[in-house]
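S.K.: One structure, pasted below without further comment.
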Amino acid sequence: MTGESIRMKKRTAHKFRITVFLLFIISGIIQSPIIADPGVRDTLRIGSIEMKENRTAAVPVYFYNDEELSAVLVVLKFDPEDLIPDTFTLAGGRLNFMPDDTAVYRDSANFVELGIFDLDGISTGSGLLCSLYFKAGPHSGGEAHMVDSASWPIPPPGRLECSFSDMNFSTILPEFVPGYITVTESYMCGDADANKMLNLSDILYLISFTYLDPPGPAPVPLESGNVNGDDIINLSDILYLIAYIYIDPPGPEPICPD
Ligand SMILES: [Ca+2]
Ligand SMILES: [Ca+2]
């Protein structure tokens with residue numbers, strides 16, 4: 001068999017698995033009987049992280065199961081004004097061996113749905129299921145935003161929600177633990193006195209912090225005073241800021257480190 005025909009066969013097999021899974025999602029997990037979770041209660045837990053406004057970061061999702069599973073369905077909701085979902089990966093988790101494109105991922109303004117299946121069986125264990133990427137919106141700072149489980153009815157009659165499916169395609173509802181994304185407010189580089197303006201007062205603020213004894217108050221946050229983006233706050237930063245604000249044409253833009 002040639003390399004091309006092997007690839008074709010793999011692609012066909014992959015499409016078949018996706019189709020089976022979609023059918024499974026639509027007609028199987030939704031209508032399959034919900035059974036009492038055997039043994040220890042399974043869990044699905046969203047990790048909590050910190051991130052900055054306008055940045056993208058990975059939220060870890062963990063799961064525990066003490067019976068073999070054929071599928072895991074994750075359905076989450078969040079505040080769409082503050083969080084924007086953006087892809088996922090199984091890399092680094094218990095299902096690391098599965099390519100991402102064997103899972104079914106959908107997102108919209110206010111929910112994420114991730115379906116993972118393995119008809120060979122997802123073995124028992126505890127650890128990382130996947131990482132879900134979220135971008136924090138421009139005005140999301142200064143708050144912790146919840147990533148919670150979502151659930152809604154689907155005909156005929158079914159329910160789309162976080163659930164596991166055992167090897168008999170019976171549905172198990174794991175204990176769900178929500179996570180929080182704490183977003184820190186972004187700052188303006190060079191705005192040492194944190195009043196959202198770049199002007200003489202920032203230069204004087206940096207001079208007082210750098211040269212007075214005892215030193216004046218520190219820039220807020222400290223990184224905002226490191227205008228030239230090197231390792232320290234010193235005379236170079238003051239001169240850099242003066243050049244940017246007062247010289248014509250202006251010096252280079254402030255480049256505070258992340
Ligand atoms: Ca300022
Ligand atoms: Ca510096």
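To be explicit about the labels: the chains of the structure tokens are called A, B, and onward in the order shown, and within each one the residues are counted from 1, while ligands get numbers from 1 in the order they are shown.
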Which residues are near ligand 1 - at most 7 Å, using only C-alpha atoms and all ligand atoms? Format: as a CSV table (one decimal) with N, CA and C atoms, in the first residue's frame.
M.R.:
```
chain,number,residue,atom,x,y,z
A,191,ASP,N,3.2,55.5,32.6
A,191,ASP,CA,2.3,56.2,33.5
A,191,ASP,C,2.5,55.8,34.9
A,192,ALA,N,3.7,56.3,35.4
A,192,ALA,CA,4.1,55.8,36.7
A,192,ALA,C,3.2,56.2,37.9
A,193,ASP,N,2.4,57.3,37.7
A,193,ASP,CA,1.5,57.7,38.8
A,193,ASP,C,0.1,57.2,38.5
A,194,ALA,N,-0.1,56.3,37.5
A,194,ALA,CA,-1.3,55.6,37.2
A,194,ALA,C,-2.5,56.5,37.1
A,195,ASN,N,-2.4,57.6,36.4
A,195,ASN,CA,-3.6,58.5,36.2
A,195,ASN,C,-4.1,58.4,34.8
A,196,LYS,N,-3.6,57.4,34.0
A,196,LYS,CA,-4.0,57.2,32.6
A,196,LYS,C,-3.5,58.3,31.7
A,197,MET,N,-2.5,59.1,32.1
A,197,MET,CA,-2.0,60.1,31.2
A,197,MET,C,-0.4,60.0,31.3
A,198,LEU,N,0.2,60.3,30.2
A,198,LEU,CA,1.7,60.4,30.2
A,198,LEU,C,2.0,61.9,30.1
A,199,ASN,N,2.7,62.4,31.2
A,199,ASN,CA,3.1,63.8,31.1
A,199,ASN,C,4.2,64.1,32.2
A,201,SER,N,4.2,64.9,35.2
A,201,SER,CA,4.1,64.4,36.5
A,201,SER,C,4.7,63.0,36.6
A,202,ASP,N,4.6,62.2,35.5
A,202,ASP,CA,5.2,60.9,35.5
A,202,ASP,C,6.8,61.0,35.6
```
S.K.: Taking only C-alpha atoms and all ligand atoms into account, report as a CSV table (one decimal) with C-alpha atoms, in the first residue's frame which residues have an atom no farther than 12 Å from an atom of ligand 2.
M.R.:
```csv
chain,number,residue,atom,x,y,z
A,189,CYS,CA,3.8,52.1,30.1
A,190,GLY,CA,5.4,55.2,31.5
A,206,LEU,CA,10.2,58.6,38.5
A,210,THR,CA,14.9,57.1,41.8
A,222,LEU,CA,6.3,48.9,39.3
A,223,GLU,CA,6.8,47.7,35.6
A,224,SER,CA,5.1,50.9,34.4
A,225,GLY,CA,8.3,52.9,35.4
A,226,ASN,CA,10.7,50.6,33.4
A,227,VAL,CA,10.1,52.6,30.3
A,228,ASN,CA,13.0,51.3,28.3
A,229,GLY,CA,12.2,47.7,29.1
A,230,ASP,CA,15.6,46.7,30.6
A,231,ASP,CA,16.1,45.1,34.0
A,232,ILE,CA,16.0,48.2,36.2
A,233,ILE,CA,14.4,51.6,36.8
A,234,ASN,CA,17.0,54.3,36.6
A,235,LEU,CA,18.1,57.6,34.9
A,236,SER,CA,17.8,55.9,31.5
A,237,ASP,CA,14.1,55.5,32.0
A,238,ILE,CA,13.7,59.1,33.0
A,239,LEU,CA,15.6,60.3,29.9
A,240,TYR,CA,13.7,57.9,27.7
A,241,LEU,CA,10.4,59.3,28.9
A,254,PRO,CA,7.9,53.3,25.9
A,255,ILE,CA,8.4,49.5,25.9
A,256,CYS,CA,7.8,48.2,29.5
A,257,PRO,CA,8.5,44.5,30.0
```
S.K.: Please provide the set of residues having any atom within 8 Å of stretch 116-132 of chain A, restricted to only C-alpha atoms, with same-chain residues fewer than 3 positions apart removed, written as a ChimeraX atom specification.
M.R.: /A:21,58-73,85-95,102-104,167
S.K.: Could you find all residues in stretch 5-157 of chain A that DSSP calls strand (DSSP E or B) from the backbone, and write them as a ChimeraX atom specification?
M.R.: /A:34,43-46,49-52,56-65,69-77,83-89,104-107,111-122,125-136,143-149,151-154
S.K.: Work out how far atom CA of A:Thr184 is from atom CA of A:Lys52, in Å to one decimal.
M.R.: 4.8 Å
S.K.: Hey, what does DSSP flag as helix (DSSP H, G or I) within stretch 156-230 of chain A? Can you give it to me as a VMD selection string?
M.R.: chain A and resid 200 to 211 222 to 225
